[in-house]
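Comments concern the structure below.
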Amino acid sequence: MPQPLINALTVDVEDYFQVSALAPYIPREEWASRACRVEHNLQRILAMFEEHGARATFFTLGWIAERYPHLVREIVARGHELASHGYGHERASDLDEARFLEDVRRAKLMLEDVAGVEVRGYRAPSFSIGSANLWAFDTLARAGYRYSSSVYPIAHDHYGMPDSPRFAYRVNEQLLEIPATTLRMVGRNLPSSGGGYFRLLPYAVSRWMLQRVNAVDGEPAVFYFHPWEIDPDQPRLDGIDARTRFRHYVNLSRMEAKLRLLLADFRWGRMDDIFLGRPVRPLAETRAPIPAPV
């Protein structure tokens, strides 16, 4: 029997108060005065991965690496890939080209200086590369990145590019884009990659969707979550709108148990091991009705 595909396990390393949806309620100036919970949560995640023999890619904020360099070094020491989530969790769609280049270069240098390894991957906060800022791909190549995982091919009120390719493709000579995983059904892309959808849906549904991507599409899945999603004891904010409250807090208490099932049911590896060096199609050969970045 053929071995099951190895899927890509990814963690976006940020704290609860850095989530884009909470930005209207938690000013950036307050970050330094808030008690961080990422250290404890990340230690739990590393132990969980070790228990299940899983390897992963950690898309880490430069802001976190600057304050918790020992965590970044431990990620690397345990055999995981260290990648960039930008420096201060600013959405790529909120920056011009110069500021975006400054942010991604600063984060890359910070992570590499702390960990002593090359950082080859980047994920935009909130999957914020879309049809309006495709120039970001060439900017990432200029900054020395080899791949991005910054596009979610779904329709969403905060992000998404539903007509983009569903699987890894080359956007220029240096850079791959490796989108978050979707399942194609009833003429649309259904989110199948983790995050709030994973917390909301029954585990059996999420498992079935990932199995379909592996078996029918024959492609490795890209799954993501955040350290704050396994932390039901995080501070609860007052005064936030109902939609944001639901999205952020739904089923936090169930997340760790569901993750343990996921780790047991699939094989998991690092983004670089799975995708770099693997043949992928150039953008021109996909069916995506989006222009190549300029």
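In the structure tokens, chains take the letters A, B, ... in the order shown, each chain's residues start at 1, and ligands count up from 1 in the order shown.
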Distance query Asn251 (chain A) at most 9 Å, only C-alpha atoms, self and fewer than 6 positions along chain excluded, as a compact mmCIF listing (two decimals) with N, CA and C atoms, in the first residue's frame:
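Contents of result02.txt, freshly written:
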# COMPACT_ATOMS: atom_id res chain seq x y z
N GLY A 196 -10.27 29.21 12.65
CA GLY A 196 -11.62 29.25 13.22
C GLY A 196 -12.55 28.24 12.62
N ARG A 199 -12.12 25.04 14.50
CA ARG A 199 -12.75 25.09 15.82
C ARG A 199 -14.27 24.97 15.72
N LEU A 200 -14.83 25.52 14.66
CA LEU A 200 -16.29 25.57 14.53
C LEU A 200 -16.87 24.24 14.05
N GLU A 229 -5.25 29.79 20.17
CA GLU A 229 -6.44 28.98 19.95
C GLU A 229 -6.51 27.77 20.88
N PRO A 232 -8.11 28.62 26.32
CA PRO A 232 -9.45 29.11 26.69
C PRO A 232 -9.42 30.07 27.88
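The spacing separating CA of Ile75 (chain A) from CA of Ala56 (chain A) amounts to 9.2 Å.
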task: Name the residues of region 6-170 of chain A that fall into helix (DSSP H, G or I) according to DSSP on the backbone, using the chain letters and numbers of this document, as a PyMOL selection string.
output: chain A and resi 16-18+20-22+28-33+38-52+62-67+69-77+92-94+97-115+125-127+131-133+135-142
- request: For region 59-71 of chain A, work out the shell of residues within 8 Å, counting only C-alpha atoms and skipping chain neighbours fewer than 5 positions away, then give it as JSON, numbers by chain.
  value: {"A": [10, 11, 12, 13, 14, 39, 42, 82, 83, 84, 85, 86, 87, 88, 89, 106, 107, 108, 110, 111, 114, 115, 121, 122, 123]}
Mind writing the picked residues with N, CA and C atoms as a PDB file, in the first residue's frame?
ATOM      1  N   THR A  10       1.315  23.975  10.125  1.00  0.00           N
ATOM      2  CA  THR A  10       1.869  25.315  10.320  1.00  0.00           C
ATOM      3  C   THR A  10       1.221  26.004  11.516  1.00  0.00           C
ATOM      4  N   VAL A  11       2.027  26.819  12.184  1.00  0.00           N
ATOM      5  CA  VAL A  11       1.582  27.583  13.347  1.00  0.00           C
ATOM      6  C   VAL A  11       1.932  29.040  13.113  1.00  0.00           C
ATOM      7  N   ASP A  12       0.955  29.926  13.222  1.00  0.00           N
ATOM      8  CA  ASP A  12       1.195  31.361  13.126  1.00  0.00           C
ATOM      9  C   ASP A  12       1.458  31.885  14.528  1.00  0.00           C
ATOM     10  N   VAL A  13       2.713  32.190  14.823  1.00  0.00           N
ATOM     11  CA  VAL A  13       3.126  32.501  16.191  1.00  0.00           C
ATOM     12  C   VAL A  13       2.883  33.972  16.483  1.00  0.00           C
ATOM     13  N   GLU A  14       1.793  34.220  17.171  1.00  0.00           N
ATOM     14  CA  GLU A  14       1.385  35.551  17.609  1.00  0.00           C
ATOM     15  C   GLU A  14       0.582  35.391  18.887  1.00  0.00           C
ATOM     16  N   GLU A  39       4.270  32.275  25.260  1.00  0.00           N
ATOM     17  CA  GLU A  39       5.356  31.383  25.687  1.00  0.00           C
ATOM     18  C   GLU A  39       4.805  30.070  26.225  1.00  0.00           C
ATOM     19  N   LEU A  42       3.015  28.059  23.436  1.00  0.00           N
ATOM     20  CA  LEU A  42       3.931  27.473  22.461  1.00  0.00           C
ATOM     21  C   LEU A  42       4.661  26.266  23.044  1.00  0.00           C
ATOM     22  N   LEU A  82      11.617  27.354  10.938  1.00  0.00           N
ATOM     23  CA  LEU A  82      11.329  28.716  11.359  1.00  0.00           C
ATOM     24  C   LEU A  82      11.059  29.556  10.115  1.00  0.00           C
ATOM     25  N   ALA A  83       9.914  30.231  10.081  1.00  0.00           N
ATOM     26  CA  ALA A  83       9.537  31.077   8.957  1.00  0.00           C
ATOM     27  C   ALA A  83       8.992  32.399   9.494  1.00  0.00           C
ATOM     28  N   SER A  84       8.747  33.327   8.598  1.00  0.00           N
ATOM     29  CA  SER A  84       8.399  34.700   8.964  1.00  0.00           C
ATOM     30  C   SER A  84       6.903  34.964   8.847  1.00  0.00           C
ATOM     31  N   HIS A  85       6.394  35.706   9.809  1.00  0.00           N
ATOM     32  CA  HIS A  85       5.016  36.200   9.785  1.00  0.00           C
ATOM     33  C   HIS A  85       5.010  37.723   9.745  1.00  0.00           C
ATOM     34  N   GLY A  86       6.143  38.292   9.275  1.00  0.00           N
ATOM     35  CA  GLY A  86       6.320  39.731   9.339  1.00  0.00           C
ATOM     36  C   GLY A  86       6.798  40.144  10.716  1.00  0.00           C
ATOM     37  N   TYR A  87       7.086  41.416  10.886  1.00  0.00           N
ATOM     38  CA  TYR A  87       7.605  41.858  12.186  1.00  0.00           C
ATOM     39  C   TYR A  87       6.479  42.124  13.183  1.00  0.00           C
ATOM     40  N   GLY A  88       5.544  42.994  12.822  1.00  0.00           N
ATOM     41  CA  GLY A  88       4.570  43.458  13.807  1.00  0.00           C
ATOM     42  C   GLY A  88       3.125  43.155  13.467  1.00  0.00           C
ATOM     43  N   HIS A  89       2.885  42.104  12.702  1.00  0.00           N
ATOM     44  CA  HIS A  89       1.536  41.668  12.341  1.00  0.00           C
ATOM     45  C   HIS A  89       0.739  42.782  11.660  1.00  0.00           C
ATOM     46  N   ARG A 106      12.979  43.224   7.862  1.00  0.00           N
ATOM     47  CA  ARG A 106      13.262  43.337   9.296  1.00  0.00           C
ATOM     48  C   ARG A 106      12.958  42.040  10.013  1.00  0.00           C
ATOM     49  N   ALA A 107      11.816  41.427   9.692  1.00  0.00           N
ATOM     50  CA  ALA A 107      11.441  40.170  10.334  1.00  0.00           C
ATOM     51  C   ALA A 107      12.428  39.052   9.984  1.00  0.00           C
ATOM     52  N   LYS A 108      12.793  38.962   8.722  1.00  0.00           N
ATOM     53  CA  LYS A 108      13.709  37.908   8.286  1.00  0.00           C
ATOM     54  C   LYS A 108      15.055  38.024   8.988  1.00  0.00           C
ATOM     55  N   MET A 110      15.725  39.575  11.815  1.00  0.00           N
ATOM     56  CA  MET A 110      15.561  39.323  13.244  1.00  0.00           C
ATOM     57  C   MET A 110      15.535  37.829  13.539  1.00  0.00           C
ATOM     58  N   LEU A 111      14.719  37.078  12.806  1.00  0.00           N
ATOM     59  CA  LEU A 111      14.597  35.642  13.029  1.00  0.00           C
ATOM     60  C   LEU A 111      15.915  34.927  12.752  1.00  0.00           C
ATOM     61  N   VAL A 114      18.505  35.620  15.514  1.00  0.00           N
ATOM     62  CA  VAL A 114      18.195  34.932  16.769  1.00  0.00           C
ATOM     63  C   VAL A 114      18.460  33.441  16.669  1.00  0.00           C
ATOM     64  N   ALA A 115      18.048  32.832  15.565  1.00  0.00           N
ATOM     65  CA  ALA A 115      18.080  31.371  15.461  1.00  0.00           C
ATOM     66  C   ALA A 115      19.313  30.823  14.758  1.00  0.00           C
ATOM     67  N   GLY A 121      10.568  31.006   4.303  1.00  0.00           N
ATOM     68  CA  GLY A 121       9.136  31.119   4.099  1.00  0.00           C
ATOM     69  C   GLY A 121       8.531  32.332   4.766  1.00  0.00           C
ATOM     70  N   TYR A 122       7.409  32.778   4.229  1.00  0.00           N
ATOM     71  CA  TYR A 122       6.677  33.933   4.761  1.00  0.00           C
ATOM     72  C   TYR A 122       5.183  33.680   4.641  1.00  0.00           C
ATOM     73  N   ARG A 123       4.453  34.095   5.652  1.00  0.00           N
ATOM     74  CA  ARG A 123       2.990  34.120   5.582  1.00  0.00           C
ATOM     75  C   ARG A 123       2.507  35.502   5.997  1.00  0.00           C
TER      76      ARG A 123
END
